[in-house]
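What follows is the content of input.cif, which has mmCIF, C-alpha atoms:
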```cif
data_input
loop_
_atom_site.label_atom_id
_atom_site.label_comp_id
_atom_site.auth_asym_id
_atom_site.auth_seq_id
_atom_site.Cartn_x
_atom_site.Cartn_y
_atom_site.Cartn_z
CA MET A 1 2.45 -0.82 16.58
CA GLN A 2 3.30 -0.71 20.27
CA GLY A 3 5.88 -2.22 22.56
CA SER A 4 7.34 -5.53 21.49
CA SER A 5 5.79 -5.40 18.02
CA ARG A 6 7.65 -2.22 17.12
CA ALA A 7 10.94 -3.83 18.11
CA ALA A 8 9.97 -7.06 16.33
CA ALA A 9 9.27 -5.23 13.08
CA ALA A 10 12.62 -3.43 13.29
CA ALA A 11 14.49 -6.65 14.08
CA SER A 12 12.85 -8.66 11.32
CA ARG A 13 13.53 -6.04 8.68
CA ASP A 14 17.09 -7.20 8.16
CA ALA A 15 15.76 -10.44 6.68
CA LEU A 16 13.72 -8.57 4.06
CA THR A 17 16.59 -6.20 3.27
CA GLY A 18 18.91 -9.15 2.78
CA ALA A 19 16.45 -10.95 0.53
CA LEU A 20 15.89 -7.92 -1.69
CA ALA A 21 19.59 -7.09 -1.88
CA GLY A 22 20.59 -10.67 -2.54
CA GLY A 23 19.08 -10.97 -5.98
CA ALA A 24 15.79 -12.57 -4.96
CA ASP A 25 13.00 -12.99 -7.51
CA ARG A 26 10.99 -10.12 -6.08
CA SER A 27 7.74 -11.05 -7.77
CA ARG A 28 7.95 -14.57 -6.37
CA LEU A 29 8.90 -13.24 -2.93
CA ALA A 30 5.84 -10.99 -2.89
CA GLU A 31 3.53 -13.73 -4.11
CA GLU A 32 4.74 -16.20 -1.49
CA LEU A 33 4.57 -13.68 1.37
CA PHE A 34 1.02 -12.72 0.40
CA ALA A 35 0.14 -16.43 0.35
CA VAL A 36 1.53 -16.92 3.86
CA VAL A 37 -0.47 -13.92 5.10
CA GLY A 38 -3.59 -15.55 3.66
CA LEU A 39 -2.71 -18.84 5.37
CA LEU A 40 -2.22 -17.14 8.74
CA ASP A 41 -5.38 -15.06 8.38
CA GLY A 42 -7.33 -18.25 7.69
CA SER A 43 -5.97 -20.30 10.62
CA THR A 44 -6.49 -19.02 14.15
CA SER A 45 -4.48 -21.86 15.67
CA LEU A 46 -1.47 -21.31 13.40
CA ARG A 47 -1.57 -17.55 13.88
CA ARG A 48 -1.63 -17.97 17.65
CA ALA A 49 1.22 -20.49 17.56
CA VAL A 50 3.40 -18.07 15.61
CA ALA A 51 2.54 -15.06 17.80
CA ASP A 52 2.64 -16.98 21.11
CA THR A 53 4.82 -14.88 23.43
CA SER A 54 5.42 -17.86 25.73
CA ARG A 55 7.29 -19.78 23.01
CA GLU A 56 10.98 -19.30 22.39
CA GLY A 57 11.94 -17.53 19.18
CA SER A 58 14.02 -20.53 18.11
CA ASP A 59 10.97 -22.76 18.48
CA LYS A 60 8.95 -20.51 16.18
CA VAL A 61 11.79 -20.36 13.66
CA ALA A 62 11.77 -24.17 13.66
CA LEU A 63 8.01 -24.01 13.04
CA ALA A 64 8.64 -21.85 9.96
CA ASP A 65 11.11 -24.44 8.71
CA ARG A 66 8.71 -27.33 9.25
CA LEU A 67 5.84 -25.58 7.52
CA PHE A 68 7.55 -23.89 4.60
CA ALA A 69 10.99 -25.37 3.85
CA GLY A 70 10.92 -26.73 0.31
CA LYS A 71 7.56 -25.10 -0.37
CA VAL A 72 8.74 -21.51 -0.78
CA GLY A 73 11.93 -19.96 -2.06
CA ASP A 74 14.99 -19.66 0.16
CA GLU A 75 14.62 -15.88 0.35
CA THR A 76 10.98 -16.17 1.40
CA LEU A 77 11.87 -18.71 4.06
CA ALA A 78 14.59 -16.38 5.37
CA VAL A 79 12.03 -13.57 5.72
CA LEU A 80 9.54 -15.89 7.44
CA ARG A 81 12.20 -17.10 9.86
CA GLY A 82 13.09 -13.49 10.64
CA VAL A 83 9.46 -12.57 11.31
CA PHE A 84 8.36 -15.72 13.12
CA GLY A 85 11.31 -15.60 15.51
CA GLN A 86 10.34 -12.22 17.01
CA ARG A 87 8.12 -11.38 19.98
CA TRP A 88 4.89 -9.73 18.78
CA THR A 89 2.46 -7.81 20.99
CA ASP A 90 -0.49 -8.65 18.75
CA GLU A 91 -1.16 -11.31 16.11
CA ARG A 92 -2.33 -8.66 13.64
CA ASP A 93 0.98 -6.83 13.95
CA LEU A 94 2.78 -9.95 12.73
CA THR A 95 0.52 -10.50 9.71
CA ASP A 96 0.46 -6.77 8.88
CA THR A 97 4.26 -6.78 8.84
CA LEU A 98 4.38 -9.74 6.48
CA GLU A 99 1.84 -8.03 4.25
CA ALA A 100 3.93 -4.85 4.26
CA TYR A 101 7.02 -6.85 3.27
CA ALA A 102 5.07 -8.38 0.38
CA VAL A 103 4.03 -4.92 -0.83
CA GLU A 104 7.61 -3.68 -0.49
CA SER A 105 8.79 -6.58 -2.62
CA VAL A 106 6.35 -5.52 -5.35
CA ILE A 107 7.56 -1.92 -5.15
CA ALA A 108 11.18 -3.11 -5.21
CA GLN A 109 10.41 -4.98 -8.42
CA ALA A 110 8.94 -1.80 -9.91
CA GLU A 111 11.99 0.18 -8.80
CA GLY A 112 14.23 -2.28 -10.59
CA GLU A 113 12.24 -1.73 -13.77
CA GLY A 114 12.22 2.06 -13.38
CA ARG A 115 8.47 2.37 -12.98
CA ALA A 116 7.87 2.88 -9.24
CA ASP A 117 6.44 6.38 -9.79
CA ARG A 118 4.10 5.01 -12.43
CA VAL A 119 2.87 2.29 -10.08
CA GLU A 120 2.07 4.80 -7.35
CA ASP A 121 0.26 7.08 -9.81
CA GLU A 122 -1.82 4.22 -11.21
CA LEU A 123 -2.81 2.90 -7.79
CA PHE A 124 -3.84 6.37 -6.67
CA ARG A 125 -5.86 7.10 -9.81
CA PHE A 126 -7.67 3.78 -9.76
CA GLU A 127 -8.56 4.18 -6.08
CA ARG A 128 -10.06 7.59 -6.90
CA ILE A 129 -12.04 6.15 -9.79
CA VAL A 130 -13.47 3.43 -7.55
CA ALA A 131 -14.25 5.93 -4.78
CA SER A 132 -16.27 8.08 -7.20
CA ASP A 133 -18.23 5.20 -8.76
CA GLY A 134 -20.59 3.46 -6.35
CA GLY A 135 -21.49 0.73 -8.81
CA LEU A 136 -17.86 -0.14 -9.48
CA ARG A 137 -17.04 -0.04 -5.78
CA THR A 138 -19.85 -2.47 -5.03
CA ALA A 139 -18.84 -4.78 -7.86
CA LEU A 140 -15.26 -4.96 -6.62
CA THR A 141 -16.12 -5.47 -2.95
CA ASP A 142 -19.35 -7.50 -3.07
CA ALA A 143 -18.75 -10.48 -0.80
CA GLN A 144 -21.61 -12.31 -2.52
CA ALA A 145 -19.80 -12.24 -5.86
CA SER A 146 -17.18 -14.90 -6.53
CA GLY A 147 -13.55 -13.93 -6.23
CA GLU A 148 -13.00 -15.02 -9.82
CA ARG A 149 -15.69 -12.66 -11.03
CA ARG A 150 -14.23 -9.69 -9.14
CA LEU A 151 -10.72 -10.43 -10.37
CA ALA A 152 -12.02 -10.78 -13.93
CA LEU A 153 -13.52 -7.30 -13.59
CA VAL A 154 -10.14 -5.91 -12.48
CA GLU A 155 -8.49 -7.58 -15.47
CA SER A 156 -11.04 -6.13 -17.87
CA LEU A 157 -10.65 -2.62 -16.46
CA LEU A 158 -6.87 -2.52 -16.12
CA GLY A 159 -5.36 -5.44 -18.04
CA ASP A 160 -2.37 -4.19 -20.01
CA LYS A 161 -3.30 -0.54 -19.35
CA VAL A 162 -1.23 -0.33 -16.16
CA ALA A 163 2.13 -1.56 -14.91
CA PRO A 164 2.10 -5.24 -13.91
CA GLU A 165 2.99 -4.30 -10.33
CA ALA A 166 -0.01 -1.96 -10.08
CA LEU A 167 -2.29 -4.63 -11.51
CA GLY A 168 -0.94 -7.20 -9.06
CA LEU A 169 -1.54 -4.94 -6.06
CA VAL A 170 -5.08 -4.08 -7.15
CA ARG A 171 -5.79 -7.77 -7.60
CA GLN A 172 -4.42 -8.45 -4.13
CA ALA A 173 -6.56 -5.68 -2.61
CA VAL A 174 -9.67 -7.18 -4.21
CA ARG A 175 -8.74 -10.79 -3.43
CA ALA A 176 -7.72 -10.27 0.19
CA PRO A 177 -8.80 -6.94 1.72
CA ARG A 178 -8.20 -8.41 5.20
CA GLY A 179 -11.24 -6.70 6.71
CA ARG A 180 -10.50 -3.29 5.21
CA ARG A 181 -12.38 -1.25 2.63
CA PHE A 182 -10.83 -1.25 -0.83
CA ASP A 183 -9.76 2.40 -0.57
CA ARG A 184 -8.11 1.81 2.81
CA THR A 185 -6.18 -1.15 1.44
CA ILE A 186 -4.85 0.84 -1.52
CA GLU A 187 -4.01 3.75 0.78
CA ARG A 188 -2.04 1.34 2.98
CA TYR A 189 -0.14 0.04 -0.04
CA LEU A 190 0.69 3.61 -1.07
CA ASP A 191 1.87 4.47 2.45
CA ILE A 192 4.15 1.43 2.42
CA ALA A 193 5.53 2.47 -0.97
CA ALA A 194 6.18 6.02 0.24
CA ARG A 195 7.99 4.80 3.37
CA ARG A 196 10.13 2.42 1.34
CA ARG A 197 11.11 5.18 -1.03
CA GLU A 198 11.67 7.59 1.87
CA GLN A 199 9.39 10.21 0.42
CA GLN A 200 6.28 12.14 1.35
CA THR A 201 3.18 12.15 -0.82
CA ALA A 202 1.18 15.26 -1.70
CA THR A 203 -2.30 15.17 -3.23
CA VAL A 204 -2.78 18.16 -5.50
CA THR A 205 -6.25 19.15 -6.72
CA SER A 206 -6.52 21.51 -9.68
CA ALA A 207 -9.15 22.60 -12.19
CA VAL A 208 -7.11 21.35 -15.16
CA PRO A 209 -4.47 18.62 -15.49
CA LEU A 210 -0.98 19.62 -14.41
CA THR A 211 1.80 19.32 -16.95
CA ASP A 212 4.90 17.29 -16.14
CA GLU A 213 6.73 20.58 -15.72
CA ASP A 214 4.09 21.81 -13.27
CA ARG A 215 4.37 18.61 -11.26
CA ALA A 216 8.17 18.76 -11.17
CA ARG A 217 8.19 22.42 -10.11
CA LEU A 218 5.57 21.82 -7.41
CA ALA A 219 7.38 18.73 -6.12
CA ALA A 220 10.65 20.68 -5.91
CA GLY A 221 8.96 23.54 -4.05
CA LEU A 222 7.30 21.22 -1.54
CA ALA A 223 10.56 19.32 -1.03
CA THR A 224 12.24 22.61 -0.13
CA VAL A 225 9.59 23.30 2.50
CA TYR A 226 9.08 19.80 3.90
CA GLY A 227 12.44 18.19 3.18
CA GLY A 228 13.23 14.91 1.45
CA THR A 229 11.50 13.83 -1.74
CA VAL A 230 7.84 14.59 -2.44
CA HIS A 231 5.74 12.49 -4.82
CA ILE A 232 2.78 14.28 -6.42
CA ASN A 233 -0.63 12.64 -6.89
CA THR A 234 -3.02 14.77 -8.91
CA VAL A 235 -6.80 15.14 -8.88
CA VAL A 236 -8.66 17.18 -11.51
CA ASP A 237 -11.79 18.89 -10.19
CA PRO A 238 -13.33 21.68 -12.34
CA ARG A 239 -15.21 22.95 -9.26
CA VAL A 240 -12.04 24.55 -7.88
CA MET A 241 -12.13 26.93 -10.90
CA GLY A 242 -8.44 27.83 -10.66
CA GLY A 243 -5.38 27.55 -8.46
CA VAL A 244 -4.44 24.40 -6.60
CA LYS A 245 -5.17 22.67 -3.31
CA VAL A 246 -2.30 20.71 -1.75
CA GLU A 247 -2.71 18.08 0.96
CA ILE A 248 0.51 16.75 2.46
CA GLY A 249 0.55 14.81 5.70
CA ASP A 250 -1.90 16.52 8.05
CA GLU A 251 -1.54 19.89 6.36
CA LEU A 252 -3.81 21.55 3.80
CA ILE A 253 -2.72 24.43 1.56
CA ASP A 254 -5.78 25.71 -0.27
CA GLY A 255 -5.00 28.30 -2.94
CA THR A 256 -8.03 27.60 -5.14
CA VAL A 257 -10.26 30.31 -6.60
CA ILE A 258 -13.34 28.74 -5.03
CA ARG A 259 -11.71 28.99 -1.60
CA LYS A 260 -10.94 32.67 -2.16
CA LEU A 261 -14.51 33.32 -3.34
CA ASP A 262 -15.89 31.59 -0.25
CA ALA A 263 -13.66 33.75 1.94
CA ALA A 264 -14.88 36.87 0.13
CA ARG A 265 -18.51 35.87 0.61
CA ARG A 266 -17.95 35.32 4.31
CA ALA A 267 -16.26 38.72 4.62
CA MET A 268 -19.15 40.45 2.82
CA GLY A 269 -21.66 38.65 5.00
CA ALA A 270 -19.83 39.79 8.11
#
```
Transcribe the structure of this file into structure tokens.
Amino acid sequence: MQGSSRAAAAASRDALTGALAGGADRSRLAEELFAVVGLLDGSTSLRRAVADTSREGSDKVALADRLFAGKVGDETLAVLRGVFGQRWTDERDLTDTLEAYAVESVIAQAEGEGRADRVEDELFRFERIVASDGGLRTALTDAQASGERRLALVESLLGDKVAPEALGLVRQAVRAPRGRRFDRTIERYLDIAARRREQQTATVTSAVPLTDEDRARLAAGLATVYGGTVHINTVVDPRVMGGVKVEIGDELIDGTVIRKLDAARRAMGA
């Protein structure tokens, strides 16, 4: 975000913080915010009215009241009033912010139940499964297939196998990708979760699954180097043969056997 939108997002955040801290039904808050994003995405005239920089903030807050008072919960209305009343550089910035607040509400619900780490792990793993299976990817993203059919597929694949928050976010990504590929949508959700939890995320690729002890030791070591808290997502790839490859932010630490063999081959060739 640039200019006014960055300031608008910062100013509107107090409304979300207050709603989450005030005992709101977080699942309902997320559901209603996602619904409003869908409404705005589907109505050019409404989206422009809300993002119109020539209108006073108080006028746009009154618009939120007229449209949603009595139709959504008080906490949701408070968040909408906080967002609508700001000055946004771009319409998409406004709807992206509302979407991010909806995702945060889901993650907050998972935090309250002690399963936020599990939700992040399950989202990451399912995104990788979809990325590696062209048929599944097509089935989940085929615009010619009905939404009900795609959501039924998600239910059959995940159902009670994952945390309800993970299932809800996957369903949302399939139902309303908002012009993004499925993998990009899930990656955005994971980024939002990491920012909320004030942590960095490292993707670790190894030849065999890491134990919980391995993950904890690696997370602690990376936290010492990079600061803060580091969440570990793991990928098993027998092709690396041994060692691990770590991707964190824009950095790559490749300590795999295959990397060392490639380096040796290049040295011999030289």
Which polymer residues, protein or nucleic acid, are no farther than 12 Å from (8.1, -23.0, -3.9), counting only C-alpha atoms, as an MDAnalysis selection string?
chainID A and resid 25 28:29 31:33 35:36 67:77
If you keep C-alpha atoms, can you produce a file of those selected residues as an mmCIF file, in the frame of the given file?
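Once everything was written out, this is selection_23.cif:
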```cif
data_model
loop_
_atom_site.group_PDB
_atom_site.id
_atom_site.type_symbol
_atom_site.label_atom_id
_atom_site.label_comp_id
_atom_site.auth_asym_id
_atom_site.auth_seq_id
_atom_site.Cartn_x
_atom_site.Cartn_y
_atom_site.Cartn_z
ATOM 1 C CA ASP A 25 13.000 -12.990 -7.510
ATOM 2 C CA ARG A 28 7.950 -14.570 -6.370
ATOM 3 C CA LEU A 29 8.900 -13.240 -2.930
ATOM 4 C CA GLU A 31 3.530 -13.730 -4.110
ATOM 5 C CA GLU A 32 4.740 -16.200 -1.490
ATOM 6 C CA LEU A 33 4.570 -13.680 1.370
ATOM 7 C CA ALA A 35 0.140 -16.430 0.350
ATOM 8 C CA VAL A 36 1.530 -16.920 3.860
ATOM 9 C CA LEU A 67 5.840 -25.580 7.520
ATOM 10 C CA PHE A 68 7.550 -23.890 4.600
ATOM 11 C CA ALA A 69 10.990 -25.370 3.850
ATOM 12 C CA GLY A 70 10.920 -26.730 0.310
ATOM 13 C CA LYS A 71 7.560 -25.100 -0.370
ATOM 14 C CA VAL A 72 8.740 -21.510 -0.780
ATOM 15 C CA GLY A 73 11.930 -19.960 -2.060
ATOM 16 C CA ASP A 74 14.990 -19.660 0.160
ATOM 17 C CA GLU A 75 14.620 -15.880 0.350
ATOM 18 C CA THR A 76 10.980 -16.170 1.400
ATOM 19 C CA LEU A 77 11.870 -18.710 4.060
#
```
Suppose a student applies the PyMOL selection byres ((chain A and resi 212-219) around 12) to this structure; what residues should they get, written as a PDB file with C-alpha atoms, in the frame of the given file?
```
ATOM      1  CA  GLN A 199       9.390  10.210   0.420  1.00  0.00           C
ATOM      2  CA  GLN A 200       6.280  12.140   1.350  1.00  0.00           C
ATOM      3  CA  THR A 201       3.180  12.150  -0.820  1.00  0.00           C
ATOM      4  CA  ALA A 202       1.180  15.260  -1.700  1.00  0.00           C
ATOM      5  CA  THR A 203      -2.300  15.170  -3.230  1.00  0.00           C
ATOM      6  CA  VAL A 204      -2.780  18.160  -5.500  1.00  0.00           C
ATOM      7  CA  THR A 205      -6.250  19.150  -6.720  1.00  0.00           C
ATOM      8  CA  SER A 206      -6.520  21.510  -9.680  1.00  0.00           C
ATOM      9  CA  VAL A 208      -7.110  21.350 -15.160  1.00  0.00           C
ATOM     10  CA  PRO A 209      -4.470  18.620 -15.490  1.00  0.00           C
ATOM     11  CA  LEU A 210      -0.980  19.620 -14.410  1.00  0.00           C
ATOM     12  CA  THR A 211       1.800  19.320 -16.950  1.00  0.00           C
ATOM     13  CA  ALA A 220      10.650  20.680  -5.910  1.00  0.00           C
ATOM     14  CA  GLY A 221       8.960  23.540  -4.050  1.00  0.00           C
ATOM     15  CA  LEU A 222       7.300  21.220  -1.540  1.00  0.00           C
ATOM     16  CA  ALA A 223      10.560  19.320  -1.030  1.00  0.00           C
ATOM     17  CA  THR A 224      12.240  22.610  -0.130  1.00  0.00           C
ATOM     18  CA  VAL A 225       9.590  23.300   2.500  1.00  0.00           C
ATOM     19  CA  TYR A 226       9.080  19.800   3.900  1.00  0.00           C
ATOM     20  CA  GLY A 227      12.440  18.190   3.180  1.00  0.00           C
ATOM     21  CA  GLY A 228      13.230  14.910   1.450  1.00  0.00           C
ATOM     22  CA  THR A 229      11.500  13.830  -1.740  1.00  0.00           C
ATOM     23  CA  VAL A 230       7.840  14.590  -2.440  1.00  0.00           C
ATOM     24  CA  HIS A 231       5.740  12.490  -4.820  1.00  0.00           C
ATOM     25  CA  ILE A 232       2.780  14.280  -6.420  1.00  0.00           C
ATOM     26  CA  ASN A 233      -0.630  12.640  -6.890  1.00  0.00           C
ATOM     27  CA  THR A 234      -3.020  14.770  -8.910  1.00  0.00           C
ATOM     28  CA  VAL A 235      -6.800  15.140  -8.880  1.00  0.00           C
ATOM     29  CA  VAL A 244      -4.440  24.400  -6.600  1.00  0.00           C
ATOM     30  CA  LYS A 245      -5.170  22.670  -3.310  1.00  0.00           C
ATOM     31  CA  VAL A 246      -2.300  20.710  -1.750  1.00  0.00           C
ATOM     32  CA  ILE A 248       0.510  16.750   2.460  1.00  0.00           C
TER      33      ILE A 248
END
```
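Minimum distance to Gly82 in chain A across A:Arg13, A:Arg55, A:Arg66, A:Arg47 (counting all atoms listed in the file) occurs at A:Arg13.
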Arg128 in chain A surroundings by all atoms listed in the file, 12 Å radius, close-in-sequence under 2 positions cut, as number ranges by chain:
A: 121-126, 130-134, 136-137, 182-184, 186-187, 203, 233-237
Using C-alpha atoms, can you export the residues from the last selection as a compact mmCIF listing (two decimals), keeping the file's coordinate frame?
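Output file out31.txt follows:
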```txt
# COMPACT_ATOMS: atom_id res chain seq x y z
CA ASP A 121 0.26 7.08 -9.81
CA GLU A 122 -1.82 4.22 -11.21
CA LEU A 123 -2.81 2.90 -7.79
CA PHE A 124 -3.84 6.37 -6.67
CA ARG A 125 -5.86 7.10 -9.81
CA PHE A 126 -7.67 3.78 -9.76
CA VAL A 130 -13.47 3.43 -7.55
CA ALA A 131 -14.25 5.93 -4.78
CA SER A 132 -16.27 8.08 -7.20
CA ASP A 133 -18.23 5.20 -8.76
CA GLY A 134 -20.59 3.46 -6.35
CA LEU A 136 -17.86 -0.14 -9.48
CA ARG A 137 -17.04 -0.04 -5.78
CA PHE A 182 -10.83 -1.25 -0.83
CA ASP A 183 -9.76 2.40 -0.57
CA ARG A 184 -8.11 1.81 2.81
CA ILE A 186 -4.85 0.84 -1.52
CA GLU A 187 -4.01 3.75 0.78
CA THR A 203 -2.30 15.17 -3.23
CA ASN A 233 -0.63 12.64 -6.89
CA THR A 234 -3.02 14.77 -8.91
CA VAL A 235 -6.80 15.14 -8.88
CA VAL A 236 -8.66 17.18 -11.51
CA ASP A 237 -11.79 18.89 -10.19
```
Given the PyMOL selection byres ((chain A and resi 188) around 12) and the file above, list the residues it selects as a PDB file with C-alpha atoms, in the coordinates of the input.
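Okay, selection-v5.pdb is ready:
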```pdb
ATOM      1  CA  ASP A  96       0.460  -6.770   8.880  1.00  0.00           C
ATOM      2  CA  THR A  97       4.260  -6.780   8.840  1.00  0.00           C
ATOM      3  CA  GLU A  99       1.840  -8.030   4.250  1.00  0.00           C
ATOM      4  CA  ALA A 100       3.930  -4.850   4.260  1.00  0.00           C
ATOM      5  CA  VAL A 103       4.030  -4.920  -0.830  1.00  0.00           C
ATOM      6  CA  GLU A 104       7.610  -3.680  -0.490  1.00  0.00           C
ATOM      7  CA  GLU A 120       2.070   4.800  -7.350  1.00  0.00           C
ATOM      8  CA  LEU A 123      -2.810   2.900  -7.790  1.00  0.00           C
ATOM      9  CA  PHE A 124      -3.840   6.370  -6.670  1.00  0.00           C
ATOM     10  CA  GLU A 127      -8.560   4.180  -6.080  1.00  0.00           C
ATOM     11  CA  LEU A 169      -1.540  -4.940  -6.060  1.00  0.00           C
ATOM     12  CA  VAL A 170      -5.080  -4.080  -7.150  1.00  0.00           C
ATOM     13  CA  ALA A 173      -6.560  -5.680  -2.610  1.00  0.00           C
ATOM     14  CA  PRO A 177      -8.800  -6.940   1.720  1.00  0.00           C
ATOM     15  CA  ARG A 178      -8.200  -8.410   5.200  1.00  0.00           C
ATOM     16  CA  ARG A 180     -10.500  -3.290   5.210  1.00  0.00           C
ATOM     17  CA  ARG A 181     -12.380  -1.250   2.630  1.00  0.00           C
ATOM     18  CA  PHE A 182     -10.830  -1.250  -0.830  1.00  0.00           C
ATOM     19  CA  ASP A 183      -9.760   2.400  -0.570  1.00  0.00           C
ATOM     20  CA  ARG A 184      -8.110   1.810   2.810  1.00  0.00           C
ATOM     21  CA  THR A 185      -6.180  -1.150   1.440  1.00  0.00           C
ATOM     22  CA  ILE A 186      -4.850   0.840  -1.520  1.00  0.00           C
ATOM     23  CA  GLU A 187      -4.010   3.750   0.780  1.00  0.00           C
ATOM     24  CA  TYR A 189      -0.140   0.040  -0.040  1.00  0.00           C
ATOM     25  CA  LEU A 190       0.690   3.610  -1.070  1.00  0.00           C
ATOM     26  CA  ASP A 191       1.870   4.470   2.450  1.00  0.00           C
ATOM     27  CA  ILE A 192       4.150   1.430   2.420  1.00  0.00           C
ATOM     28  CA  ALA A 193       5.530   2.470  -0.970  1.00  0.00           C
ATOM     29  CA  ALA A 194       6.180   6.020   0.240  1.00  0.00           C
ATOM     30  CA  ARG A 195       7.990   4.800   3.370  1.00  0.00           C
TER      31      ARG A 195
END
```
If you count only C-alpha atoms, which residues fall within 10 Å of Arg92 in chain A, apart from same-chain ones fewer than 3 positions away, as a count of residues only?
12
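Interatomic distance, CA of Thr17 in chain A against CA of Asp52 in chain A: 25.1 Å.
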Axis-aligned box for all listed atoms of range 148-151 of chain A, 8 Å per side, centre and edges in Å to one decimal, as AutoDock Vina command-line options:
```
--center_x -13.2 --center_y -12.4 --center_z -10.1 --size_x 21.0 --size_y 21.3 --size_z 17.9
```
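Taking CA of Val174 in chain A and CA of Ala8 in chain A as endpoints, the distance between them is 28.4 Å.
Among the candidate residues A:Val50, A:Leu94, A:Ala62, A:Val106, the one lying nearest to Ala30 in chain A is A:Val106, with distances computed using only C-alpha atoms.
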Between A:Leu16, A:Val37, A:Val79, A:Ala108, single out the one closest to Glu91 in chain A, counting only C-alpha atoms.
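Answer, going by the shortest atom-to-atom distance: A:Val37.
Across the structure, CA of Ser45 in chain A and CA of Asp14 in chain A are spaced 27.1 Å apart.
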Of the listed residues A:Ser12, A:Thr44, A:Ser4, A:Gln109, that which approaches Ala163 in chain A most closely, counting only C-alpha atoms
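The answer is A:Gln109, which sits nearest to Ala163 in chain A.
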